[in-house]
Amino acid sequence: MLSQVGRLVQLTRETFGVGPGVLAAAVGVGLVVVAVFVLARRLRQPPGARLQAVLADADEVAVLLHPDPDADAMAAGVGVAQVANWVGTETTIQYSGEIRRQENRAFRTVLDVELECIDHVTDLAAEAVVLVDHNEPRGFTGADGVLPTAIVDHHPGDGSGEAFTDVRTDYGAAASIVAEYFQNLGATPVPPDRHDSEVSDLALPTWITTGLLYGILSDTDRLTRGASNEDFAAAGYLSPGVDEDLLSRIADPDVSTETLEVKARAIAGRDIRGSYAVSDVGSVSNGDTIPEAADELVGLEGVSAVVVVGDKDGTIHLSGRSRDDRVHMGRALDAAVGDIDNASAGGHARMGGGRVPPAVQADGTREVTAPRGEQLKTRLFDAMDGALQ
């Protein structure tokens with residue numbers, strides 16, 4: 001390419017007698033015009049094609065899920081990896097923390113999803129990192145030093161990718177965004193009774209299609225909570241390729257004894273004020289039982305918004321659900337604990353979560369400094385009622 005440009009420059013000088021300085025300036029302007037044209041053309045492409053172009057520029061990519069990933073994160077991660085694989089880019093899907101919730105473990109097992117757990121930034125499989133279902137790296141040592149190449153997310157936040165950022169907070173699931181990418185690329189979901197080779201167009205395998213649909217259903221409570229028109233459209237696009245048997249095995253796994261016990265404690269120990277409920281379930285060994293208890297509690301008659309509080313290894317976990325248009329659960333949880341050192345909380349209008357880790361004292365001991373009992377309950381009720389926002 002450069003040699004061709006050189007020959008063109010030499011021919012121009014010989015033909016028109018243009019001096020080297022003038023010619024160099026003209027060539028520079030021309031290159032700028034070409035660069036602007038290429039950039040404008042890329043920006044006119046749909047997001048799926050733009051992401052694929054970014055992925056094609058890398059030999060290997062680390063697709064990074066948020067800590068303790070759920071089904072939506074795993075589904076979206078698998079989808080992004082498929083987009084990369086189509087252009088010959090190697091991918092490794094990675095996460096930090098644990099996968100403990102029954103449905104999430106079933107998702108990974110039933111669909112045989114290959115995931116790699118990391119503890120440190122040096123564990124990342126590649127320099128090019130794509131954040132999926134979150135927009136700021138967290139959950140492992142050195143996370144704050146990661147500069148993501150691309151971001152695909154539906155949560156509020158200020159993170160951005162160096163080459164690609166697609167954050168759609170009006171969508172109920174990240175899997176819906178990734179499903180649109182496949183539509184952008186012209187992929188056809190393969191029906192479960194057919195082989196990928198029987199589809200003449202770009203084939204979207206059944207197991208990925210099934211995973212994406214479950215990701216949408218799980219993050220929108222089966223399209224009944226926080227679902228946008230786009231979520232419904234994505235589900236419709238995916239439906240011809242869904243394997244109902246796989247979907248059923250993921251959605252209805254065996255429930256652990258602890259999960260049932262924590263749900264029972266949440267219901268029995270609930271404190272209801274008006275249509276809002278708060279329940280402290282005490283100590284748990286599996287942090288995922290807390291959001292499962294919140295899902296159960298918000299379905300009780302007369303309850304429109306709920307927060308379940310639990311303690312795992314000294315860290316206070318909060319999980320909130322709202323069916324009340326007056327209560328933006330993400331903002332309510334942030335208002336309730338946002339002023340506490342090291343606390344983090346947020347989420348969507350219908351769903352939110354928070355964590356308050358113990359403070360590390362000068363002698364290295366860990367001490368729970370966050371309010372508990374009635375003090376914390378009062379904060380949560382006030383936040384849901386709008387008094388702290």
# chains A, B, ... in the order shown; residues from 1 in each chain; ligands from 1
$ residues_around --residues "Ala174 of chain A" --least-positions-apart "6" --cutoff "8 Å" --atoms "only C-alpha atoms" --output "list in words"
Asp72, Ala73, Ala76, Val132, Asp133, Val152, Asp153, His154, Gly215 and Ile216 of chain A
$ select_by_dssp --residues "segment 18-175 of chain A" --states "alpha helix (DSSP H)" --output "JSON, numbers by chain"
{"A": [20, 21, 22, 23, 24, 25, 26, 27, 28, 29, 30, 31, 32, 33, 34, 35, 36, 37, 38, 39, 40, 41, 42, 43, 44, 47, 48, 49, 50, 51, 52, 53, 54, 55, 56, 71, 72, 73, 74, 75, 76, 77, 78, 79, 80, 81, 82, 83, 84, 85, 102, 103, 104, 105, 106, 107, 108, 109, 110, 174, 175]}
$ closest_residue --among "A:Gly77, A:Gly373, A:Pro291, A:Gly97" --to "Met351 of chain A" --atoms "only C-alpha atoms"
A:Pro291
$ select_by_dssp --residues "segment 186-327 of chain A" --states "strand (DSSP E or B)" --output "number ranges by chain"
A: 187-189, 202-204, 271-273, 276-283, 305-312, 315-322
$ write_last_selection --atoms "N, CA and C atoms" --output "mmCIF file, in the first residue's frame"
data_model
loop_
_atom_site.group_PDB
_atom_site.id
_atom_site.type_symbol
_atom_site.label_atom_id
_atom_site.label_comp_id
_atom_site.auth_asym_id
_atom_site.auth_seq_id
_atom_site.Cartn_x
_atom_site.Cartn_y
_atom_site.Cartn_z
ATOM 1 N N ALA A 187 -27.487 -12.869 11.237
ATOM 2 C CA ALA A 187 -27.426 -14.252 11.705
ATOM 3 C C ALA A 187 -28.833 -14.844 11.839
ATOM 4 N N THR A 188 -28.931 -16.127 11.541
ATOM 5 C CA THR A 188 -30.197 -16.848 11.635
ATOM 6 C C THR A 188 -30.142 -17.851 12.780
ATOM 7 N N PRO A 189 -31.040 -17.717 13.784
ATOM 8 C CA PRO A 189 -31.086 -18.720 14.856
ATOM 9 C C PRO A 189 -31.416 -20.102 14.291
ATOM 10 N N LEU A 202 -25.628 -16.892 7.976
ATOM 11 C CA LEU A 202 -24.772 -16.997 9.148
ATOM 12 C C LEU A 202 -25.558 -17.684 10.257
ATOM 13 N N ALA A 203 -25.065 -18.823 10.731
ATOM 14 C CA ALA A 203 -25.834 -19.641 11.667
ATOM 15 C C ALA A 203 -25.542 -19.270 13.111
ATOM 16 N N LEU A 204 -26.601 -18.982 13.878
ATOM 17 C CA LEU A 204 -26.488 -18.738 15.309
ATOM 18 C C LEU A 204 -26.884 -20.034 16.014
ATOM 19 N N ASP A 271 -40.592 -6.908 57.951
ATOM 20 C CA ASP A 271 -41.150 -5.728 58.617
ATOM 21 C C ASP A 271 -41.832 -4.908 57.531
ATOM 22 N N ILE A 272 -43.134 -4.740 57.629
ATOM 23 C CA ILE A 272 -43.897 -4.043 56.589
ATOM 24 C C ILE A 272 -44.400 -2.712 57.116
ATOM 25 N N ARG A 273 -44.109 -1.667 56.343
ATOM 26 C CA ARG A 273 -44.601 -0.329 56.661
ATOM 27 C C ARG A 273 -45.254 0.221 55.399
ATOM 28 N N TYR A 276 -44.224 -1.148 51.755
ATOM 29 C CA TYR A 276 -42.798 -1.457 51.658
ATOM 30 C C TYR A 276 -42.422 -2.486 52.718
ATOM 31 N N ALA A 277 -41.466 -3.344 52.376
ATOM 32 C CA ALA A 277 -41.033 -4.385 53.306
ATOM 33 C C ALA A 277 -39.509 -4.433 53.367
ATOM 34 N N VAL A 278 -38.986 -4.689 54.554
ATOM 35 C CA VAL A 278 -37.558 -4.920 54.772
ATOM 36 C C VAL A 278 -37.439 -6.174 55.623
ATOM 37 N N SER A 279 -36.502 -7.053 55.262
ATOM 38 C CA SER A 279 -36.307 -8.270 56.032
ATOM 39 C C SER A 279 -34.822 -8.558 56.155
ATOM 40 N N ASP A 280 -34.357 -8.806 57.377
ATOM 41 C CA ASP A 280 -32.967 -9.160 57.646
ATOM 42 C C ASP A 280 -32.913 -10.668 57.887
ATOM 43 N N VAL A 281 -32.241 -11.395 56.986
ATOM 44 C CA VAL A 281 -32.205 -12.861 57.071
ATOM 45 C C VAL A 281 -31.000 -13.363 57.849
ATOM 46 N N GLY A 282 -30.177 -12.423 58.354
ATOM 47 C CA GLY A 282 -29.031 -12.826 59.156
ATOM 48 C C GLY A 282 -27.891 -13.382 58.331
ATOM 49 N N SER A 283 -27.145 -14.320 58.882
ATOM 50 C CA SER A 283 -25.952 -14.863 58.238
ATOM 51 C C SER A 283 -26.317 -15.927 57.202
ATOM 52 N N ALA A 305 -42.556 -2.850 47.192
ATOM 53 C CA ALA A 305 -41.099 -2.677 47.150
ATOM 54 C C ALA A 305 -40.505 -3.352 48.382
ATOM 55 N N VAL A 306 -39.354 -3.992 48.205
ATOM 56 C CA VAL A 306 -38.779 -4.767 49.301
ATOM 57 C C VAL A 306 -37.259 -4.729 49.235
ATOM 58 N N VAL A 307 -36.623 -4.768 50.409
ATOM 59 C CA VAL A 307 -35.177 -4.927 50.505
ATOM 60 C C VAL A 307 -34.901 -6.060 51.486
ATOM 61 N N VAL A 308 -34.065 -7.008 51.069
ATOM 62 C CA VAL A 308 -33.628 -8.093 51.941
ATOM 63 C C VAL A 308 -32.170 -7.865 52.288
ATOM 64 N N VAL A 309 -31.857 -7.989 53.570
ATOM 65 C CA VAL A 309 -30.507 -7.760 54.081
ATOM 66 C C VAL A 309 -29.955 -9.075 54.611
ATOM 67 N N GLY A 310 -28.684 -9.352 54.315
ATOM 68 C CA GLY A 310 -28.049 -10.561 54.824
ATOM 69 C C GLY A 310 -26.572 -10.326 55.046
ATOM 70 N N ASP A 311 -25.949 -11.224 55.791
ATOM 71 C CA ASP A 311 -24.528 -11.103 56.124
ATOM 72 C C ASP A 311 -23.789 -12.346 55.651
ATOM 73 N N LYS A 312 -22.771 -12.139 54.808
ATOM 74 C CA LYS A 312 -21.929 -13.247 54.357
ATOM 75 C C LYS A 312 -20.467 -12.903 54.617
ATOM 76 N N THR A 315 -19.571 -9.278 55.323
ATOM 77 C CA THR A 315 -20.034 -8.269 54.366
ATOM 78 C C THR A 315 -21.558 -8.247 54.340
ATOM 79 N N ILE A 316 -22.122 -7.066 54.495
ATOM 80 C CA ILE A 316 -23.574 -6.925 54.440
ATOM 81 C C ILE A 316 -24.008 -6.837 52.974
ATOM 82 N N HIS A 317 -24.954 -7.656 52.611
ATOM 83 C CA HIS A 317 -25.487 -7.668 51.248
ATOM 84 C C HIS A 317 -26.925 -7.160 51.270
ATOM 85 N N LEU A 318 -27.252 -6.306 50.310
ATOM 86 C CA LEU A 318 -28.605 -5.768 50.163
ATOM 87 C C LEU A 318 -29.137 -6.147 48.791
ATOM 88 N N SER A 319 -30.364 -6.573 48.745
ATOM 89 C CA SER A 319 -30.995 -6.859 47.463
ATOM 90 C C SER A 319 -32.402 -6.302 47.487
ATOM 91 N N GLY A 320 -32.731 -5.465 46.501
ATOM 92 C CA GLY A 320 -34.032 -4.805 46.475
ATOM 93 C C GLY A 320 -34.815 -5.082 45.210
ATOM 94 N N ARG A 321 -36.115 -5.116 45.333
ATOM 95 C CA ARG A 321 -37.010 -5.268 44.195
ATOM 96 C C ARG A 321 -38.154 -4.266 44.344
ATOM 97 N N SER A 322 -38.620 -3.734 43.226
ATOM 98 C CA SER A 322 -39.696 -2.740 43.276
ATOM 99 C C SER A 322 -40.707 -2.977 42.168
#
$ atom_distance --atom1 "atom CA of Ala349 of chain A" --atom2 "atom CA of Ser239 of chain A"
27.0 Å
$ closest_residue --among "A:Thr92, A:Thr109, A:Ser304, A:Asn184" --to "Gln52 of chain A" --atoms "only C-alpha atoms"
A:Asn184
$ decode --residues "segment 284-334 of chain A" --atoms "C-alpha atoms" --output "tab-separated table (two decimals), in the first residue's frame"
chain	number	residue	atom	x	y	z
A	284	VAL	CA	-25.85	-16.88	54.99
A	285	SER	CA	-23.19	-19.05	53.38
A	286	ASN	CA	-24.46	-18.40	49.85
A	287	GLY	CA	-24.90	-14.73	49.00
A	288	ASP	CA	-27.17	-15.54	46.05
A	289	THR	CA	-29.93	-16.65	48.42
A	290	ILE	CA	-30.49	-12.99	49.34
A	291	PRO	CA	-31.71	-11.80	45.90
A	292	GLU	CA	-33.72	-15.01	45.59
A	293	ALA	CA	-35.45	-14.15	48.85
A	294	ALA	CA	-36.12	-10.62	47.56
A	295	ASP	CA	-37.75	-12.10	44.44
A	296	GLU	CA	-40.00	-14.17	46.69
A	297	LEU	CA	-40.89	-11.35	49.08
A	298	VAL	CA	-41.87	-8.80	46.43
A	299	GLY	CA	-44.51	-11.20	45.19
A	300	LEU	CA	-46.44	-11.09	48.47
A	301	GLU	CA	-49.86	-9.46	48.37
A	302	GLY	CA	-49.75	-5.79	49.36
A	303	VAL	CA	-45.96	-5.46	48.98
A	304	SER	CA	-44.79	-3.11	46.22
A	305	ALA	CA	-41.10	-2.68	47.15
A	306	VAL	CA	-38.78	-4.77	49.30
A	307	VAL	CA	-35.18	-4.93	50.50
A	308	VAL	CA	-33.63	-8.09	51.94
A	309	VAL	CA	-30.51	-7.76	54.08
A	310	GLY	CA	-28.05	-10.56	54.82
A	311	ASP	CA	-24.53	-11.10	56.12
A	312	LYS	CA	-21.93	-13.25	54.36
A	313	ASP	CA	-18.43	-13.45	55.84
A	314	GLY	CA	-18.83	-10.06	57.50
A	315	THR	CA	-20.03	-8.27	54.37
A	316	ILE	CA	-23.57	-6.93	54.44
A	317	HIS	CA	-25.49	-7.67	51.25
A	318	LEU	CA	-28.60	-5.77	50.16
A	319	SER	CA	-31.00	-6.86	47.46
A	320	GLY	CA	-34.03	-4.80	46.48
A	321	ARG	CA	-37.01	-5.27	44.20
A	322	SER	CA	-39.70	-2.74	43.28
A	323	ARG	CA	-43.06	-2.94	41.55
A	324	ASP	CA	-43.81	0.63	42.62
A	325	ASP	CA	-43.29	3.48	40.14
A	326	ARG	CA	-42.53	5.76	43.08
A	327	VAL	CA	-39.52	3.69	44.14
A	328	HIS	CA	-36.41	3.61	41.95
A	329	MET	CA	-34.70	0.74	43.76
A	330	GLY	CA	-31.17	1.44	42.51
A	331	ARG	CA	-31.28	5.05	43.69
A	332	ALA	CA	-33.01	4.09	46.94
A	333	LEU	CA	-30.25	1.63	47.92
A	334	ASP	CA	-27.55	4.12	47.00
